[in-house]
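Have a look at the structure below, then the notes.
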Amino acid sequence: DGGITQSPKYLFRKEGQNVTLSCEQNLNHDAMYWYRQDPGQGLRLIYYSQIVNDFQKGDIAEGYSVSREKKESFPLTVTSAQKNPTAFYLCASTRGSPYSNQPQHFGDGTRLSIL
Amino acid sequence: AQSVTQLDSHVSVSEGTPVLLRCNYSSSYSPSLFWYVQHPNKGLQLLLKYTSAATLVKGINGFEAEFKKSETSFHLTKPSAHMSDAAEYFCVVSDRDTDKLIFGTGTRLQVFP
């Protein structure tokens, strides 16, 4: 079955450390997204990519970086500059343009905590 | 700019009773609206979407939503709640100007036996 795989499910970060969250999709979708979810808040967009080798900042990109070298993969790095990284991170993908009525498909998330 | 407001952060119902989750939207044009469900420690799953074809939209698991332009609302309903419906529900609008989805803050649905 097609879908989005996020790994690891749980991740712990030490102070001053960069960590990378993996997101892989086999849906042949062009657009991919990273969201951050905090308790009591909706999802906030970190970065998104509409095509390979291109990506745009979302609403809360500071302290994060991404790459899109392959259509299937969109890893997210949480850098040491992100001072409050504890959150649930969700990766999504969609066929077609981002604003269109195409629904987004989501992975099962990675929960990041600080040691 | 587009926005959505979910009017209740928590809703509690008894199993077998109706469910109503309320969502109001703000949009300067005919919006695309979605309802997603999220179970604990899981990603979001699409319940239904409105794209102007019909004002009453049927989704999965017996849920439906009615688009009311005059009230700028897109409330989610289900005639009879099941224990498995306990989850967080998000109302979402697509923003044509920014190419993004705008998420509501979510409504947590509890279902009591």
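Naming scheme: A, B, ... for chains in displayed order of the structure tokens; residues 1 onward per chain; ligands 1 onward as shown.
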message = Using only C-alpha atoms, I'd like every residue of chain B that has an atom within 10 Å of chain A; please write them out as a ChimeraX atom specification.
response = /B:9,31-36,38-51,90-108
request  = Show which residues sit within 9 Å of A:Asn26, as a VMD selection string. Count only C-alpha atoms, and ignore same-chain residues fewer than 6 positions away.
outcome  = chain A and resid 1 to 5 72
task = Fewer than 4 positions away in the same chain doesn't count, so skip those; otherwise give me all residues within 10 Å of stretch 54-64 of chain B, counting only C-alpha atoms, as a list in words.
result =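 Non-adjacent residues within range: Val19, Leu20, Trp35, Leu46, Leu47, Leu48, Lys49, Tyr50, Lys68, Lys69, Phe74, His75, Leu76, Thr77, Lys78, Pro79, Ser80, Ala81, His82, Ser84 and Asp85 of chain B.
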Residues of the last selection are to be written out with N, CA, C and O atoms, as a tab-separated table (two decimals), in the first residue's frame.
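Contents of out-v4.tsv, as written:
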chain	number	residue	atom	x	y	z
B	19	VAL	N	-23.27	13.64	17.32
B	19	VAL	CA	-22.06	14.43	17.46
B	19	VAL	C	-22.19	15.70	16.62
B	19	VAL	O	-22.66	15.65	15.48
B	20	LEU	N	-21.79	16.84	17.21
B	20	LEU	CA	-21.73	18.10	16.48
B	20	LEU	C	-20.42	18.79	16.83
B	20	LEU	O	-20.19	19.14	17.99
B	35	TRP	N	-12.25	18.40	6.78
B	35	TRP	CA	-12.20	17.92	8.15
B	35	TRP	C	-11.25	16.73	8.18
B	35	TRP	O	-11.36	15.81	7.36
B	46	LEU	N	-7.99	12.17	6.42
B	46	LEU	CA	-9.07	12.98	5.84
B	46	LEU	C	-10.43	12.32	6.09
B	46	LEU	O	-10.63	11.14	5.79
B	47	LEU	N	-11.36	13.10	6.65
B	47	LEU	CA	-12.73	12.64	6.82
B	47	LEU	C	-13.59	13.01	5.62
B	47	LEU	O	-14.36	12.19	5.12
B	48	LEU	N	-13.48	14.26	5.19
B	48	LEU	CA	-14.27	14.73	4.07
B	48	LEU	C	-13.72	16.08	3.59
B	48	LEU	O	-12.95	16.71	4.29
B	49	LYS	N	-14.18	16.47	2.38
B	49	LYS	CA	-13.76	17.76	1.85
B	49	LYS	C	-14.90	18.41	1.09
B	49	LYS	O	-15.75	17.73	0.50
B	50	TYR	N	-14.95	19.72	1.14
B	50	TYR	CA	-15.92	20.51	0.40
B	50	TYR	C	-15.20	21.30	-0.67
B	50	TYR	O	-14.23	22.01	-0.38
B	68	LYS	N	-22.47	26.14	4.87
B	68	LYS	CA	-23.48	27.19	4.90
B	68	LYS	C	-22.80	28.53	4.68
B	68	LYS	O	-22.19	29.09	5.60
B	69	LYS	N	-22.93	29.03	3.47
B	69	LYS	CA	-22.25	30.28	3.12
B	69	LYS	C	-22.78	31.46	3.93
B	69	LYS	O	-22.01	32.31	4.37
B	74	PHE	N	-19.10	25.35	8.66
B	74	PHE	CA	-18.84	24.02	8.06
B	74	PHE	C	-18.80	23.02	9.21
B	74	PHE	O	-17.77	22.43	9.51
B	75	HIS	N	-19.92	22.83	9.85
B	75	HIS	CA	-20.00	21.97	11.03
B	75	HIS	C	-19.98	20.49	10.66
B	75	HIS	O	-20.60	20.07	9.68
B	76	LEU	N	-19.34	19.71	11.49
B	76	LEU	CA	-19.22	18.26	11.29
B	76	LEU	C	-20.22	17.55	12.19
B	76	LEU	O	-20.32	17.86	13.39
B	77	THR	N	-20.94	16.59	11.63
B	77	THR	CA	-21.96	15.87	12.41
B	77	THR	C	-21.87	14.38	12.16
B	77	THR	O	-21.33	13.91	11.15
B	78	LYS	N	-22.43	13.65	13.12
B	78	LYS	CA	-22.60	12.21	12.98
B	78	LYS	C	-23.83	11.82	13.80
B	78	LYS	O	-23.96	12.28	14.94
B	79	PRO	N	-24.73	11.04	13.26
B	79	PRO	CA	-25.99	10.76	13.97
B	79	PRO	C	-25.81	9.99	15.27
B	79	PRO	O	-26.55	10.20	16.23
B	80	SER	N	-24.82	9.09	15.31
B	80	SER	CA	-24.67	8.22	16.46
B	80	SER	C	-23.19	7.98	16.74
B	80	SER	O	-22.49	7.36	15.91
B	81	ALA	N	-22.71	8.44	17.87
B	81	ALA	CA	-21.29	8.32	18.20
B	81	ALA	C	-20.92	6.89	18.58
B	81	ALA	O	-21.69	6.16	19.22
B	82	HIS	N	-19.72	6.54	18.19
B	82	HIS	CA	-19.15	5.24	18.56
B	82	HIS	C	-17.90	5.48	19.37
B	82	HIS	O	-17.24	6.52	19.22
B	84	SER	N	-15.05	4.39	19.05
B	84	SER	CA	-13.87	4.57	18.20
B	84	SER	C	-13.78	5.98	17.59
B	84	SER	O	-12.77	6.32	16.98
B	85	ASP	N	-14.83	6.80	17.77
B	85	ASP	CA	-14.79	8.17	17.26
B	85	ASP	C	-14.00	9.10	18.17
B	85	ASP	O	-13.73	10.25	17.78
request  = Might you pull out every residue within 8 Å of B:Pro113, with only C-alpha atoms counted and same-chain residues fewer than 4 positions away left off, and present them as a list in words?
outcome  =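 Residues meeting the cut-off are Ser14, Glu15 and Met83 of chain B.
Across the structure, atom CA of B:Leu109 and atom CA of B:Tyr25 are spaced 20.1 Å apart.
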request  = Tell me which protein, DNA and RNA residues are within 12 Å of stretch 78-85 of chain A, counting only C-alpha atoms, leaving out same-chain ones fewer than 4 positions away, and put them as a PyMOL selection string.
outcome  = chain A and resi 11-22+34+36-38+46-47+60-66+89+110-115
Spatial neighbours of A:Gly96, 8 Å, only C-alpha atoms, chain gap at least 6 places, as a VMD selection string = chain A and resid 29 to 31 102
Expected file: the selected residues, C-alpha atoms, as a compact mmCIF listing (two decimals), in the first residue's frame:
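And here is the file that came out, part-v6.txt:
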# COMPACT_ATOMS: atom_id res chain seq x y z
CA HIS A 29 3.31 12.99 -4.95
CA ASP A 30 5.12 16.13 -6.05
CA ALA A 31 4.50 18.29 -2.99
CA GLN A 102 -6.27 17.88 -3.18
